[in-house]
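The structure under discussion appears below in the form of structure tokens.
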Amino acid sequence: MKNRNIVQQLPQKDEWITPDYVFKELNKEFDFHLDLTCSKNNCKTIRGCMIDKGNDGLKFDVERFFEKNDIDYEAKLNIWCNPPYSRNLKEAFIKKCIELSKSKLVGCVVMLLPVSTSTQIFHRYIIPNAEEIRFIEKRINFEGINTKNEVVKNKAGMHDSMVVVIKSPQSPNFKFSSRG
């Protein structure tokens, strides 16, 4: 991923919108301030790293964000991330979320990811850093544009989904849970 701009990398098939019912339920619990991976048409929070406006979530700087938005440093930023699911971008965003979670300015980072428990990504990054992993019982229906450039609504993902919660500082109270 060296010297590449995410805007040039992101194929249309990687832009799938988080359904409102999924986001709203999690937002009730976490009160998100920032959508790390969005476009101007699908941003779920008041502020977002909108890739179509040249904002690359992989380059997001939490301290600069606080300064630019005149936010009190006593506050904790809660970040939402439904990353692109192509392997390289997914892994890059997972690493970025882990990096952000270590900031004293971040309360938590919550990611919506495909369930892939046998992968290196899961064992190298998710397990050692997650405070909680919630497996979603049914497949989530996403909206987006398929490889034929057709707008698709209610397209079930190829995998089940999981919600990964990473809090700062890292809590030893790791737990798996299943929520339908």
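Each chain in the structure tokens gets a letter, A, B, ..., in the order shown, and its residues are numbered from 1; ligands are numbered from 1 in order too.
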Considering only strand (DSSP E) as DSSP defines it on the backbone, what residues of range 67-176 of chain A qualify? List them as a PyMOL selection string.
chain A and resi 77-81+106-114+132-136+141-145+151-156+161-167+175-176
Residues near Tyr125 in chain A, anyone? I mean within 9 Å using only C-alpha atoms, not counting same-chain ones fewer than 2 positions away, as a ChimeraX atom specification.
/A:91,94-95,98,120-123,127-130
What's the 8 Å shell around Leu100 in chain A, counting only C-alpha atoms, without same-chain residues fewer than 4 positions away, as JSON, numbers by chain?
{"A": [62, 96, 106, 109]}
Deliver the residues from the most recent selection as a file, using N, CA and C atoms, as a JSON list (two decimals), in the first residue's frame.
```
[["chain", "number", "residue", "atom", "x", "y", "z"],
["A", 62, "VAL", "N", -5.96, 12.06, 14.88],
["A", 62, "VAL", "CA", -6.94, 12.39, 15.92],
["A", 62, "VAL", "C", -6.63, 13.73, 16.60],
["A", 96, "LYS", "N", -5.27, 0.72, 11.20],
["A", 96, "LYS", "CA", -5.48, 2.13, 11.54],
["A", 96, "LYS", "C", -6.39, 2.25, 12.75],
["A", 106, "VAL", "N", -9.14, 8.93, 22.21],
["A", 106, "VAL", "CA", -10.15, 8.04, 21.65],
["A", 106, "VAL", "C", -10.77, 7.20, 22.76],
["A", 109, "VAL", "N", -13.18, 2.42, 19.27],
["A", 109, "VAL", "CA", -13.33, 2.26, 17.83],
["A", 109, "VAL", "C", -14.17, 1.01, 17.64]]
```
Write down as an NGL selection string the residues of range 118-180 of chain A whose backbone DSSP state falls under helix (DSSP H, G or I).
:A and (120-129)
Would you mind exporting N, CA and C atoms of the selected residues as a PDB file, in the first residue's frame?
```
ATOM      1  N   GLN A 120      -5.268 -14.761   9.016  1.00  0.00           N
ATOM      2  CA  GLN A 120      -4.167 -14.137   9.749  1.00  0.00           C
ATOM      3  C   GLN A 120      -4.605 -12.793  10.321  1.00  0.00           C
ATOM      4  N   ILE A 121      -5.417 -12.061   9.574  1.00  0.00           N
ATOM      5  CA  ILE A 121      -5.900 -10.760  10.056  1.00  0.00           C
ATOM      6  C   ILE A 121      -6.620 -10.937  11.389  1.00  0.00           C
ATOM      7  N   PHE A 122      -7.479 -11.933  11.477  1.00  0.00           N
ATOM      8  CA  PHE A 122      -8.239 -12.168  12.703  1.00  0.00           C
ATOM      9  C   PHE A 122      -7.304 -12.484  13.871  1.00  0.00           C
ATOM     10  N   HIS A 123      -6.348 -13.361  13.635  1.00  0.00           N
ATOM     11  CA  HIS A 123      -5.469 -13.808  14.721  1.00  0.00           C
ATOM     12  C   HIS A 123      -4.364 -12.806  15.064  1.00  0.00           C
ATOM     13  N   ARG A 124      -3.897 -12.059  14.086  1.00  0.00           N
ATOM     14  CA  ARG A 124      -2.820 -11.083  14.347  1.00  0.00           C
ATOM     15  C   ARG A 124      -3.332  -9.756  14.897  1.00  0.00           C
ATOM     16  N   TYR A 125      -4.522  -9.345  14.450  1.00  0.00           N
ATOM     17  CA  TYR A 125      -4.984  -7.997  14.789  1.00  0.00           C
ATOM     18  C   TYR A 125      -6.257  -7.957  15.630  1.00  0.00           C
ATOM     19  N   ILE A 126      -7.225  -8.777  15.285  1.00  0.00           N
ATOM     20  CA  ILE A 126      -8.514  -8.708  15.987  1.00  0.00           C
ATOM     21  C   ILE A 126      -8.402  -9.291  17.398  1.00  0.00           C
ATOM     22  N   ILE A 127      -8.005 -10.540  17.506  1.00  0.00           N
ATOM     23  CA  ILE A 127      -7.951 -11.209  18.815  1.00  0.00           C
ATOM     24  C   ILE A 127      -7.087 -10.453  19.832  1.00  0.00           C
ATOM     25  N   PRO A 128      -5.867 -10.030  19.485  1.00  0.00           N
ATOM     26  CA  PRO A 128      -5.045  -9.359  20.505  1.00  0.00           C
ATOM     27  C   PRO A 128      -5.533  -7.970  20.907  1.00  0.00           C
ATOM     28  N   ASN A 129      -6.385  -7.351  20.117  1.00  0.00           N
ATOM     29  CA  ASN A 129      -6.757  -5.961  20.378  1.00  0.00           C
ATOM     30  C   ASN A 129      -8.219  -5.738  20.732  1.00  0.00           C
TER      31      ASN A 129
END
```
Give me the residues near Lys102 in chain A as an NGL selection string, where near means some atom within 10 Å (using only C-alpha atoms) and where sequence neighbours in that chain fewer than 3 positions away do not count.
:A and (97-99 or 105-109 or 129 or 166-170)
Near range 31-45 of chain A, counting only C-alpha atoms, which residues have an atom at most 9 Å away, once you skip same-chain residues fewer than 3 positions from it, shown as a ChimeraX atom specification?
/A:15-18,20,23-24,26-28,48-53,56-58,60,77-84,93,97,108-110
List the spatial neighbours of Lys155 in chain A as a list in words - criterion: any atom at most 10 Å away, only C-alpha atoms, same-chain residues fewer than 5 positions off excluded.
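Close residues of Lys155 in chain A: Trp16, Arg139, Ile140, Asn141, Phe142, Glu143, Gly144 and Asn146 of chain A.
Relative to CA of His159 in chain A, CA of Phe135 in chain A is found at 11.2 Å.
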